[in-house]
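Heads up, coords.txt below (compact mmCIF, C-alpha atoms):
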# COMPACT_ATOMS: atom_id res chain seq x y z
CA MET A 7 -27.99 -59.71 -17.52
CA SER A 8 -24.89 -57.71 -18.32
CA GLN A 9 -23.83 -54.39 -16.82
CA ARG A 10 -24.95 -52.71 -20.05
CA ASP A 11 -28.46 -54.15 -19.60
CA VAL A 12 -28.49 -53.07 -15.98
CA LEU A 13 -27.54 -49.55 -16.98
CA THR A 14 -30.15 -49.47 -19.72
CA GLU A 15 -32.89 -50.50 -17.34
CA LEU A 16 -31.72 -48.08 -14.67
CA ARG A 17 -31.75 -45.26 -17.18
CA THR A 18 -35.39 -45.91 -18.00
CA ALA A 19 -36.29 -45.28 -14.38
CA ARG A 20 -37.90 -41.93 -13.83
CA VAL A 21 -38.68 -40.72 -10.36
CA GLU A 22 -41.18 -37.92 -10.16
CA ALA A 23 -41.91 -35.99 -7.04
CA PRO A 24 -45.42 -36.62 -5.74
CA ALA A 25 -47.91 -33.80 -6.01
CA PRO A 26 -48.07 -33.06 -2.25
CA LEU A 27 -44.31 -32.62 -2.14
CA ARG A 28 -44.37 -30.37 -5.22
CA ALA A 29 -47.04 -28.22 -3.62
CA ARG A 30 -45.06 -28.06 -0.40
CA VAL A 31 -41.88 -26.99 -2.20
CA ARG A 32 -43.78 -24.36 -4.19
CA LEU A 33 -45.04 -22.98 -0.91
CA ILE A 34 -41.47 -22.83 0.37
CA ALA A 35 -40.28 -21.17 -2.84
CA ALA A 36 -42.99 -18.54 -2.54
CA GLN A 37 -41.27 -17.26 0.61
CA ALA A 38 -38.04 -16.54 -1.25
CA PRO A 39 -37.05 -12.87 -1.07
CA ALA A 40 -35.70 -10.94 -4.03
CA PRO A 41 -32.01 -11.75 -4.57
CA LYS A 42 -29.53 -9.17 -3.20
CA ARG A 43 -26.10 -10.45 -3.92
CA SER A 44 -24.52 -7.56 -5.75
CA ARG A 45 -23.01 -5.92 -2.69
CA ARG A 46 -21.74 -9.21 -1.33
CA ARG A 47 -20.19 -10.13 -4.67
CA PHE A 48 -18.57 -6.69 -4.91
CA ALA A 49 -17.10 -7.18 -1.43
CA LEU A 50 -15.92 -10.67 -2.34
CA VAL A 51 -14.04 -9.24 -5.31
CA LEU A 52 -12.84 -6.08 -3.62
CA VAL A 53 -11.43 -7.62 -0.46
CA PRO A 54 -8.96 -10.01 -2.16
CA VAL A 55 -7.92 -7.30 -4.63
CA VAL A 56 -7.19 -4.81 -1.85
CA ALA A 57 -5.44 -7.48 0.21
CA ALA A 58 -3.30 -8.48 -2.77
CA ALA A 59 -2.43 -4.87 -3.49
CA VAL A 60 -1.43 -4.22 0.13
CA ALA A 61 0.61 -7.43 0.25
CA ALA A 62 2.36 -6.58 -3.02
CA GLY A 63 3.07 -3.08 -1.78
CA VAL A 64 4.57 -4.33 1.46
CA PHE A 65 6.56 -7.02 -0.35
CA PHE A 66 8.04 -4.76 -2.98
CA SER A 67 8.70 -1.87 -0.63
CA THR A 68 10.58 -4.28 1.65
CA ARG A 69 12.55 -5.70 -1.25
CA THR A 70 13.58 -2.36 -2.70
CA SER A 71 14.30 -0.69 0.58
CA SER A 72 16.34 -3.47 2.13
CA PRO A 73 19.65 -2.73 0.35
CA GLN A 74 19.32 0.99 1.09
CA PRO A 75 21.15 2.30 4.15
CA ILE A 76 19.49 4.35 6.82
CA VAL A 77 19.64 7.95 5.78
CA LEU A 78 20.88 9.94 8.73
CA HIS A 79 20.84 13.64 9.27
CA GLY A 80 23.27 15.26 6.88
CA TYR A 81 23.18 12.27 4.53
CA ALA A 82 21.67 12.17 1.11
CA ALA A 83 20.90 9.15 -0.99
CA ASN A 84 20.51 9.28 -4.72
CA SER A 85 21.03 6.89 -7.55
CA GLY A 86 24.32 7.87 -9.07
CA SER A 87 23.31 11.35 -10.11
CA VAL A 88 25.91 14.12 -9.97
CA ARG A 89 23.78 16.22 -7.65
CA THR A 90 25.58 16.19 -4.30
CA LEU A 91 25.32 17.90 -0.94
CA ALA A 92 28.82 19.32 -1.22
CA PRO A 93 28.59 23.14 -1.21
CA ALA A 94 31.21 25.30 -2.88
CA PRO A 95 34.06 26.20 -0.54
CA SER A 96 34.52 29.85 0.31
CA ALA A 97 37.10 31.63 -1.83
CA LYS A 98 37.75 34.39 0.74
CA ARG A 99 37.80 32.51 4.02
CA ALA A 100 39.94 29.62 5.20
CA GLN A 101 37.81 26.52 5.87
CA ARG A 102 38.43 22.97 7.01
CA TYR A 103 36.48 21.03 4.42
CA GLY A 104 35.65 17.37 4.94
CA ALA A 105 33.39 15.17 2.82
CA SER A 106 32.37 11.57 3.16
CA LEU A 107 30.90 9.58 0.32
CA GLN A 108 29.49 6.02 0.29
CA LEU A 109 29.08 4.29 -3.04
CA GLN A 110 27.60 0.99 -4.10
CA VAL A 111 29.55 -0.36 -7.07
CA ARG A 112 29.89 -3.53 -9.11
CA ASN A 113 33.68 -3.59 -9.43
CA VAL A 114 35.57 -2.27 -6.42
CA GLN A 115 39.06 -2.38 -7.91
CA LYS A 116 38.04 -0.55 -11.06
CA VAL A 117 36.32 2.18 -9.05
CA VAL A 118 39.32 2.59 -6.75
CA SER A 119 41.62 3.04 -9.76
CA GLU A 120 39.25 5.58 -11.27
CA ALA A 121 38.97 7.48 -7.96
CA LEU A 122 42.78 7.72 -7.71
CA ARG A 123 42.95 8.95 -11.29
CA ILE A 124 40.35 11.66 -10.57
CA THR A 125 42.25 12.68 -7.44
CA ALA A 126 45.52 13.01 -9.32
CA SER A 127 43.92 14.97 -12.15
CA LEU A 128 42.72 17.55 -9.60
CA SER A 129 46.21 17.91 -8.08
CA GLY A 130 45.28 15.86 -5.05
CA PHE A 131 46.67 12.72 -3.49
CA ALA A 132 45.53 9.64 -1.61
CA ALA A 133 46.37 9.80 2.11
CA SER A 134 45.29 6.19 2.63
CA VAL A 135 43.79 3.38 0.57
CA HIS A 136 42.33 0.20 2.03
CA ILE A 137 40.87 -2.50 -0.24
CA ASP A 138 39.28 -5.65 1.09
CA THR A 139 38.28 -8.42 -1.31
CA SER A 140 38.70 -11.31 1.12
CA THR A 141 34.99 -11.61 1.81
CA GLN A 142 32.15 -12.29 -0.58
CA HIS A 143 31.43 -8.57 -0.80
CA GLY A 144 34.36 -6.42 -1.90
CA SER A 145 34.87 -3.07 -0.21
CA ALA A 146 37.41 -0.26 -0.12
CA THR A 147 38.03 2.84 1.96
CA LEU A 148 40.03 5.76 0.60
CA THR A 149 41.11 8.98 2.27
CA LEU A 150 41.76 11.53 -0.44
CA ARG A 151 43.29 14.96 -0.04
CA ILE A 152 42.11 17.30 -2.74
CA PRO A 153 42.71 21.04 -3.12
CA ARG A 154 39.78 22.81 -1.51
CA THR A 155 39.06 24.77 -4.65
CA HIS A 156 38.46 21.52 -6.56
CA VAL A 157 36.61 19.56 -3.92
CA GLN A 158 33.15 20.17 -5.34
CA THR A 159 34.25 18.92 -8.75
CA ALA A 160 35.94 15.93 -7.11
CA VAL A 161 32.83 14.92 -5.16
CA ALA A 162 30.68 15.27 -8.26
CA ARG A 163 33.01 13.12 -10.36
CA LEU A 164 33.41 10.51 -7.64
CA SER A 165 29.63 10.31 -7.29
CA ARG A 166 29.37 9.19 -10.90
CA LEU A 167 31.41 6.06 -10.18
CA GLY A 168 28.51 4.21 -8.55
CA THR A 169 25.23 4.50 -6.71
CA VAL A 170 25.50 7.03 -3.93
CA THR A 171 24.15 5.48 -0.75
CA GLY A 172 25.35 8.17 1.65
CA GLU A 173 27.00 11.56 1.62
CA GLN A 174 28.19 13.80 4.43
CA VAL A 175 29.85 17.19 4.29
CA ASP A 176 31.58 18.86 7.23
CA ILE A 177 32.85 22.45 6.97
CA GLN A 178 34.56 24.33 9.79
CA ASP A 179 35.62 27.94 9.50
CA ALA A 180 39.33 28.45 10.23
CA GLN A 181 39.53 32.11 9.23
CA ALA A 182 38.59 33.41 12.67
CA GLY A 183 41.46 31.45 14.23
CA LEU A 184 43.89 32.75 11.62
CA ASN A 185 42.77 36.33 12.21
CA THR A 186 43.24 35.92 15.95
CA THR A 187 46.73 34.49 15.36
CA ASP A 188 47.57 37.38 13.03
CA ARG A 189 46.46 39.90 15.64
CA LEU A 190 48.46 38.13 18.33
CA ILE A 191 51.59 38.05 16.19
CA ALA A 192 51.22 41.77 15.38
CA ARG A 193 50.86 42.63 19.07
CA LEU A 194 53.87 40.52 20.01
CA GLU A 195 55.94 42.16 17.27
CA ARG A 196 55.03 45.59 18.67
CA GLU A 197 56.00 44.48 22.15
CA LEU A 198 59.27 43.09 20.79
CA LYS A 199 60.36 46.53 19.60
CA THR A 200 60.22 47.99 23.11
CA ALA A 201 61.04 44.86 25.06
CA PRO A 202 64.28 44.47 27.07
CA LYS A 203 66.82 41.98 25.83
CA ASP A 204 65.94 39.23 28.33
CA GLN A 205 62.27 39.22 27.19
CA ALA A 206 63.04 39.71 23.47
CA ALA A 207 64.24 36.15 23.03
CA LEU A 208 61.04 34.75 24.58
CA LEU A 209 58.83 36.97 22.47
CA THR A 210 60.73 36.06 19.34
CA ALA A 211 60.33 32.35 20.04
CA ARG A 212 56.60 32.76 20.66
CA ILE A 213 56.12 34.76 17.48
CA LYS A 214 57.92 32.08 15.45
CA ALA A 215 55.77 29.37 17.02
CA LEU A 216 52.62 31.29 16.18
CA GLN A 217 53.80 31.77 12.62
CA ARG A 218 54.47 28.04 12.26
CA GLN A 219 51.04 27.29 13.66
CA ARG A 220 49.48 29.71 11.20
CA ALA A 221 51.39 28.20 8.29
CA ALA A 222 50.27 24.72 9.34
CA THR A 223 46.65 25.87 9.48
CA VAL A 224 46.91 27.46 6.03
CA ARG A 225 48.42 24.26 4.64
CA ALA A 226 45.73 22.17 6.30
CA VAL A 227 42.86 24.18 4.91
CA HIS A 228 44.37 24.20 1.44
CA PHE A 229 43.42 20.52 1.06
CA ALA A 230 39.96 19.13 1.68
CA THR A 231 39.69 15.60 3.03
CA VAL A 232 37.35 13.27 1.18
CA HIS A 233 36.58 9.87 2.70
CA LEU A 234 35.37 7.52 0.03
CA SER A 235 33.79 4.14 0.91
CA VAL A 236 32.88 1.77 -1.89
CA ALA A 237 31.25 -1.65 -1.60
CA THR A 238 29.50 -4.17 -3.78
CA PRO A 239 25.76 -4.66 -3.18
CA PRO A 240 24.62 -7.59 -1.04
CA HIS A 241 24.37 -10.80 -3.09
CA ALA A 242 20.87 -11.59 -4.31
CA VAL A 243 21.17 -15.28 -3.43
CA LYS A 244 21.97 -14.45 0.15
CA LYS A 245 18.84 -12.33 0.43
CA HIS A 246 16.72 -15.18 -0.87
CA HIS A 247 18.37 -17.43 1.63
CA HIS A 248 17.25 -15.07 4.38
CA TYR A 249 13.70 -15.01 3.03
CA LEU A 250 13.60 -18.80 3.03
CA ARG A 251 15.05 -19.01 6.50
CA ASP A 252 12.55 -16.47 7.80
CA ALA A 253 9.67 -18.26 6.08
CA LEU A 254 10.61 -21.71 7.36
CA PRO A 255 8.70 -21.54 10.69
CA TRP A 256 5.61 -20.30 8.87
CA VAL A 257 5.85 -23.04 6.26
CA GLY A 258 6.28 -25.61 9.02
CA GLY A 259 3.27 -24.26 10.92
CA ALA A 260 1.13 -24.20 7.80
CA GLY A 261 2.20 -27.76 6.98
CA ALA A 262 1.24 -28.96 10.44
CA VAL A 263 -2.17 -27.31 10.17
CA LEU A 264 -2.65 -28.84 6.71
CA ILE A 265 -1.77 -32.30 7.96
CA LEU A 266 -4.19 -31.86 10.86
CA LEU A 267 -6.98 -30.79 8.51
CA LEU A 268 -6.31 -33.72 6.18
CA ALA A 269 -6.38 -36.11 9.12
CA LEU A 270 -9.68 -34.65 10.34
CA ARG A 271 -11.16 -34.88 6.86
CA GLY A 272 -10.02 -38.48 6.53
CA LEU A 273 -11.58 -39.26 9.87
CA ALA A 274 -14.85 -37.64 8.82
CA ALA A 275 -14.84 -39.57 5.53
CA LEU A 276 -14.24 -42.80 7.40
CA ARG A 277 -17.15 -42.15 9.75
CA GLU A 278 -19.38 -41.23 6.83
CA ALA A 279 -18.48 -44.40 4.93
CA ARG A 280 -19.20 -46.48 8.02
CA LEU A 281 -22.55 -44.74 8.46
CA LEU A 282 -23.58 -45.27 4.84
CA SER A 283 -22.62 -48.92 4.89
CA ARG A 284 -25.27 -49.51 7.55
CA PHE A 285 -28.18 -48.30 5.39
CA MET B 24 -32.08 -18.04 -11.82
CA THR B 25 -34.44 -17.45 -8.90
CA PHE B 26 -34.97 -19.87 -6.08
CA ALA B 27 -38.50 -20.66 -7.29
CA GLU B 28 -37.20 -21.54 -10.76
CA ALA B 29 -34.45 -23.74 -9.33
CA ALA B 30 -36.89 -25.51 -7.03
CA GLU B 31 -39.38 -26.14 -9.82
CA GLN B 32 -36.69 -27.34 -12.22
CA HIS B 33 -34.77 -29.65 -9.91
CA LEU B 34 -37.38 -31.01 -7.52
CA ASP B 35 -37.61 -34.33 -9.36
CA ASP B 36 -33.84 -34.74 -9.38
CA VAL B 37 -33.50 -34.05 -5.67
CA TYR B 38 -36.39 -36.29 -4.80
CA GLY B 39 -35.11 -39.10 -7.05
CA TYR B 40 -31.63 -38.85 -5.60
CA LEU B 41 -32.96 -38.96 -2.05
CA THR B 42 -35.25 -41.88 -2.86
CA TRP B 43 -32.39 -43.97 -4.14
CA PHE B 44 -30.07 -42.78 -1.40
CA THR B 45 -32.39 -43.57 1.49
CA GLY B 46 -34.30 -46.40 -0.15
CA ASP B 47 -37.46 -44.98 1.38
CA ARG B 48 -39.88 -42.81 -0.57
CA ALA B 49 -41.63 -41.42 2.48
CA ALA B 50 -38.34 -40.46 4.06
CA ALA B 51 -37.17 -39.02 0.75
CA GLU B 52 -40.26 -36.87 0.57
CA GLU B 53 -39.61 -35.44 4.03
CA LEU B 54 -35.93 -34.96 3.31
CA ALA B 55 -36.63 -33.26 -0.03
CA ALA B 56 -38.91 -30.77 1.67
CA GLU B 57 -36.30 -30.18 4.35
CA THR B 58 -33.66 -29.75 1.66
CA PHE B 59 -35.61 -26.99 -0.04
CA GLU B 60 -36.35 -25.29 3.26
CA ARG B 61 -32.67 -25.28 4.01
CA ALA B 62 -31.89 -24.20 0.45
CA LEU B 63 -34.18 -21.21 0.85
CA ARG B 64 -32.27 -20.11 3.95
CA LEU B 65 -28.91 -20.60 2.25
CA TRP B 66 -29.84 -19.41 -1.24
CA HIS B 67 -27.77 -16.23 -0.79
CA ARG B 68 -24.69 -18.44 -0.62
CA PHE B 69 -25.35 -20.11 -3.94
CA ASP B 70 -22.85 -18.97 -6.59
CA PRO B 71 -23.65 -20.04 -10.18
CA ALA B 72 -19.99 -19.55 -11.09
CA ARG B 73 -19.00 -22.43 -8.82
CA GLY B 74 -21.53 -24.97 -10.03
CA SER B 75 -25.08 -25.51 -11.21
CA ALA B 76 -28.10 -25.16 -8.97
CA ARG B 77 -28.75 -28.90 -9.39
CA THR B 78 -25.30 -29.77 -8.04
CA TRP B 79 -25.70 -27.35 -5.16
CA LEU B 80 -29.13 -28.72 -4.27
CA CYS B 81 -27.83 -32.30 -4.43
CA GLN B 82 -24.97 -31.39 -2.09
CA LEU B 83 -27.48 -29.88 0.29
CA ALA B 84 -29.77 -32.91 -0.02
CA ARG B 85 -26.85 -35.18 0.79
CA THR B 86 -26.08 -33.21 3.96
CA VAL B 87 -29.72 -33.42 4.98
CA ALA B 88 -29.77 -37.16 4.24
CA LEU B 89 -26.59 -37.77 6.25
CA ASP B 90 -28.13 -35.91 9.20
CA HIS B 91 -31.17 -38.15 8.77
CA PHE B 92 -28.99 -41.27 8.77
CA ARG B 93 -27.26 -40.18 11.94
CA SER B 94 -30.49 -39.52 13.77
CA GLU B 95 -31.91 -42.75 12.39
CA ARG B 96 -28.97 -44.69 13.73
CA ARG B 97 -29.42 -43.12 17.16
CA ARG B 98 -33.13 -43.96 17.05
CA THR B 99 -32.55 -47.58 16.05
CA ARG B 100 -30.01 -47.96 18.80
CA ARG B 101 -32.56 -46.75 21.33
CA GLU B 102 -35.37 -48.90 19.98
CA GLU B 103 -33.30 -51.80 18.80
CA LEU B 104 -35.04 -54.42 20.92
CA ALA B 105 -38.57 -53.09 21.27
CA ALA B 106 -39.40 -51.53 17.94
CA THR B 107 -40.80 -53.37 15.01
CA PRO B 108 -39.23 -52.59 11.66
CA GLU B 109 -40.92 -49.69 9.88
CA ARG B 110 -42.71 -50.43 6.68
CA VAL B 111 -41.13 -48.54 3.89
CA ASP B 112 -42.22 -48.01 0.33
CA GLU B 113 -39.69 -50.28 -1.31
CA ARG B 114 -40.09 -49.13 -4.88
CA PHE B 115 -37.22 -47.03 -6.20
CA ALA B 116 -39.01 -46.35 -9.47
CA ASP B 117 -42.17 -47.62 -11.08
CA SER B 118 -40.53 -48.90 -14.25
CA LEU B 119 -37.89 -51.13 -12.63
CA SER B 120 -38.20 -54.92 -12.56
CA PRO B 121 -38.69 -56.56 -9.14
CA ASP B 122 -35.28 -58.26 -9.45
CA LEU B 123 -33.50 -54.98 -10.06
CA GLU B 124 -35.45 -53.37 -7.22
CA ALA B 125 -34.26 -56.14 -4.93
CA ALA B 126 -30.71 -55.85 -6.19
CA LEU B 127 -30.76 -52.10 -5.56
CA ARG B 128 -32.11 -52.74 -2.09
CA ALA B 129 -29.10 -55.01 -1.43
CA LEU B 130 -26.67 -52.18 -2.16
CA THR B 131 -25.45 -49.90 0.60
CA ALA B 132 -26.68 -46.33 0.72
CA GLY B 133 -23.28 -45.13 -0.46
CA GLU B 134 -23.44 -47.35 -3.52
CA ARG B 135 -27.04 -46.43 -4.28
CA GLU B 136 -26.32 -42.73 -4.15
CA VAL B 137 -23.51 -42.95 -6.65
CA VAL B 138 -25.80 -44.93 -9.01
CA ALA B 139 -28.49 -42.30 -8.49
CA LEU B 140 -26.17 -39.41 -9.27
CA ARG B 141 -24.39 -40.99 -12.26
CA VAL B 142 -27.26 -42.94 -13.84
CA LEU B 143 -30.54 -41.46 -12.68
CA LEU B 144 -29.46 -37.80 -12.67
CA ASP B 145 -26.91 -38.43 -15.42
CA LEU B 146 -24.23 -36.28 -13.75
CA ASP B 147 -20.70 -36.51 -15.08
CA ALA B 148 -18.02 -38.04 -12.87
CA GLY B 149 -16.56 -34.69 -11.81
CA THR B 150 -19.88 -33.19 -10.73
CA ALA B 151 -20.99 -36.36 -8.95
CA ALA B 152 -17.63 -36.50 -7.19
CA ARG B 153 -18.09 -32.91 -6.06
CA VAL B 154 -21.49 -33.75 -4.57
CA LEU B 155 -20.03 -36.77 -2.79
CA GLY B 156 -16.89 -34.96 -1.69
CA ILE B 157 -14.57 -37.52 -3.26
CA SER B 158 -12.27 -37.68 -6.28
CA PRO B 159 -13.69 -38.45 -9.75
CA THR B 160 -11.61 -41.64 -9.86
CA ASN B 161 -13.05 -42.78 -6.57
CA CYS B 162 -16.53 -41.94 -7.81
CA THR B 163 -16.05 -44.07 -10.95
CA THR B 164 -14.68 -46.94 -8.86
CA ARG B 165 -17.71 -46.83 -6.60
CA LEU B 166 -20.05 -46.82 -9.57
CA ASN B 167 -18.31 -49.81 -11.17
CA ARG B 168 -18.43 -51.72 -7.91
CA ALA B 169 -22.15 -50.99 -7.50
CA LEU B 170 -22.92 -52.02 -11.08
CA ARG B 171 -20.95 -55.23 -10.67
CA LYS B 172 -22.95 -56.03 -7.53
CA LEU B 173 -26.19 -55.37 -9.37
CA GLU B 174 -25.06 -57.57 -12.25
CA GLU B 175 -24.14 -60.40 -9.88
CA ALA B 176 -27.41 -60.11 -7.96
CA LEU B 177 -29.45 -60.22 -11.16
CA HIS B 178 -27.43 -63.18 -12.40
CA VAL B 179 -28.21 -65.11 -9.21
CA ALA B 180 -31.87 -64.14 -9.44
CA ALA B 181 -32.05 -65.34 -13.03
Take the structure from the file and write it as structure tokens.
Amino acid sequence: MSQRDVLTELRTARVEAPAPLRARVRLIAAQAPAPKRSRRRFALVLVPVVAAAVAAGVFFSTRTSSPQPIVLHGYAANSGSVRTLAPAPSAKRAQRYGASLQLQVRNVQKVVSEALRITASLSGFAASVHIDTSTQHGSATLTLRIPRTHVQTAVARLSRLGTVTGEQVDIQDAQAGLNTTDRLIARLERELKTAPKDQAALLTARIKALQRQRAATVRAVHFATVHLSVATPPHAVKKHHHYLRDALPWVGGAGAVLILLLALRGLAALREARLLSRF
Amino acid sequence: MTFAEAAEQHLDDVYGYLTWFTGDRAAAEELAAETFERALRLWHRFDPARGSARTWLCQLARTVALDHFRSERRRTRREELAATPERVDERFADSLSPDLEAALRALTAGEREVVALRVLLDLDAGTAARVLGISPTNCTTRLNRALRKLEEALHVAA
């Protein structure tokens, strides 16, 4: 008898449940309550969807926020728009005007050249320029001196050179100090008219010193100081490397658990096979 | 599908599977009843999207049968010396020849169940493998081995 014949004969076999068993099972089935699975199914669908949405939200918010710097008080972050914090300098009062601008750019050298060109076009000059391209991420720091009347334009034009990641403006009023110096000089000049000869020389020297100090202050407030920092964004590959490194312990742990589960399942299968071989 | 419909529709399949698996009609009857009792308790877990009711009931029947085998082994260990062997109804099906009945009896329970699932219940390899908790390839290998044994046994008998 071939395997085909064996199969044919086996297929003719019909096993029907005996009547007592059928009656017993019908009795069991009669106790079945009405099905209520809709809420459970809804929960089964809803829970993974919500979990996935939360996970995606956390993942993407982490990814997009990681290259952004911490925004401190007095800093503003925007994406390359010309809107800046820099207020217009006062036309009537002397002010020490300082601005600091951080940009994220693709080409550091090109941006530095453009920043120097903008500075020169506004009758300013570069007090210091430092460019560093020795590391993987290029960066540059520039200290620009720009006429106070043009500083707002300068900051706006410099902001267009890249993505603004930080901006700080510092304004100090110098007019009060100048007024005080003016009043002091006027008083000393009045005293000089009535002063004896031995005191006149001292008063004259003090007046000249005050006048030099005043002139220096006026010169200082004529130019605003703009600190410009530019840098390339962190390399994408490096970020992935960090993700992998951070995930490694988790992957290792999950692998160990998986191996343990597989071993347990294999053990169970072995025991089951041994059990079945006895019957 | 309600539980009553599933029970009515698949009772013969579950009973047939258990008969061939255990090789004992009386035990199969008890186990089939226990399977449906358990199925009633767990019916809320049944998901038609994951498989048919027949597959699910066969999986449940297999678990019940394995529990039975374990308890049976413990019992035989206890009564190994004193007890006389129980008389069992040796017929797997009424239409089978005595030689084939004997050949089936010579198979192990594991081999008989794969024959029951693939031949008697006519399940495809994937579904039968899911019931057995093994891969489809492994399931086909087991079936071929069982059929070869049957063939050899019938050859000797002839």
Scan for residues within 8 Å of the point (42.1, 23.7, -5.5) in the coordinates of the file, using only C-alpha atoms, and reply as a PyMOL selection string.
chain A and resi 128-129+152-157+228-229
For chain A, which residues have at least one atom within 10 Å of chain B, if we go by all atoms listed in the file? Write them as a PyMOL selection string, please.
chain A and resi 7-24+26-28+30-43+46-47+275+278-285
In terms of all atoms listed in the file, the residue from A:Ile137, A:Val56, A:Ala121, A:Val224 at minimal distance from Thr187 (chain A) is A:Val224
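Residues with any atom within 8 Å of region 93-96 of chain A, counting only C-alpha atoms and excluding same-chain neighbours fewer than 2 positions away, are A:Leu91, A:Lys98, A:Arg99, A:Ala100, A:Gln101, A:Tyr103, A:Arg154, A:Thr155, A:Val157, A:Gln158.
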CA of Arg168 (chain B) to CA of Leu140 (chain B): how many Å, to one decimal?
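About the pair CA of Arg168 (chain B) and CA of Leu140 (chain B): they are 14.6 Å apart.
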Output as lines of an AutoDock Vina configuration file the centre and edge lengths (Å, one decimal) of the box along x, y and z of the file that holds every listed atom of region 128-135 of chain B after adding 3 Å on each side.
center_x = -27.7
center_y = -50.1
center_z = -1.8
size_x = 14.8
size_y = 15.9
size_z = 11.0
Measure the distance from CA of His233 (chain A) to CA of Lys116 (chain A) in Å and round it to one decimal.
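Straight-line distance from CA of His233 (chain A) to CA of Lys116 (chain A) works out to 17.3 Å.
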Excluding region 194-203 of chain A and any residue of its chain fewer than 6 positions from it, enumerate the residues within 12 Å of it, using only C-alpha atoms, and give them as an MDAnalysis selection string.
chainID A and resid 187:188 209:217
In Å, with one decimal, what is the gap from CA of Thr149 (chain A) to CA of Gly104 (chain A)?
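CA of Gly104 (chain A) lies 10.4 Å from CA of Thr149 (chain A).
Take the candidates B:Ala49, B:Val154, B:Ala148, B:Ala126 and check each one against Ala169 (chain B) using only C-alpha atoms; the shortest distance goes to B:Ala126.
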List the neighbours of Leu155 (chain B) out to 10 Å using only C-alpha atoms; skip same-chain residues closer than 3 positions along the sequence, and give me the result as an MDAnalysis selection string.
chainID B and resid 81:82 85:86 133 136:137 140 149:152 158:159 161:162
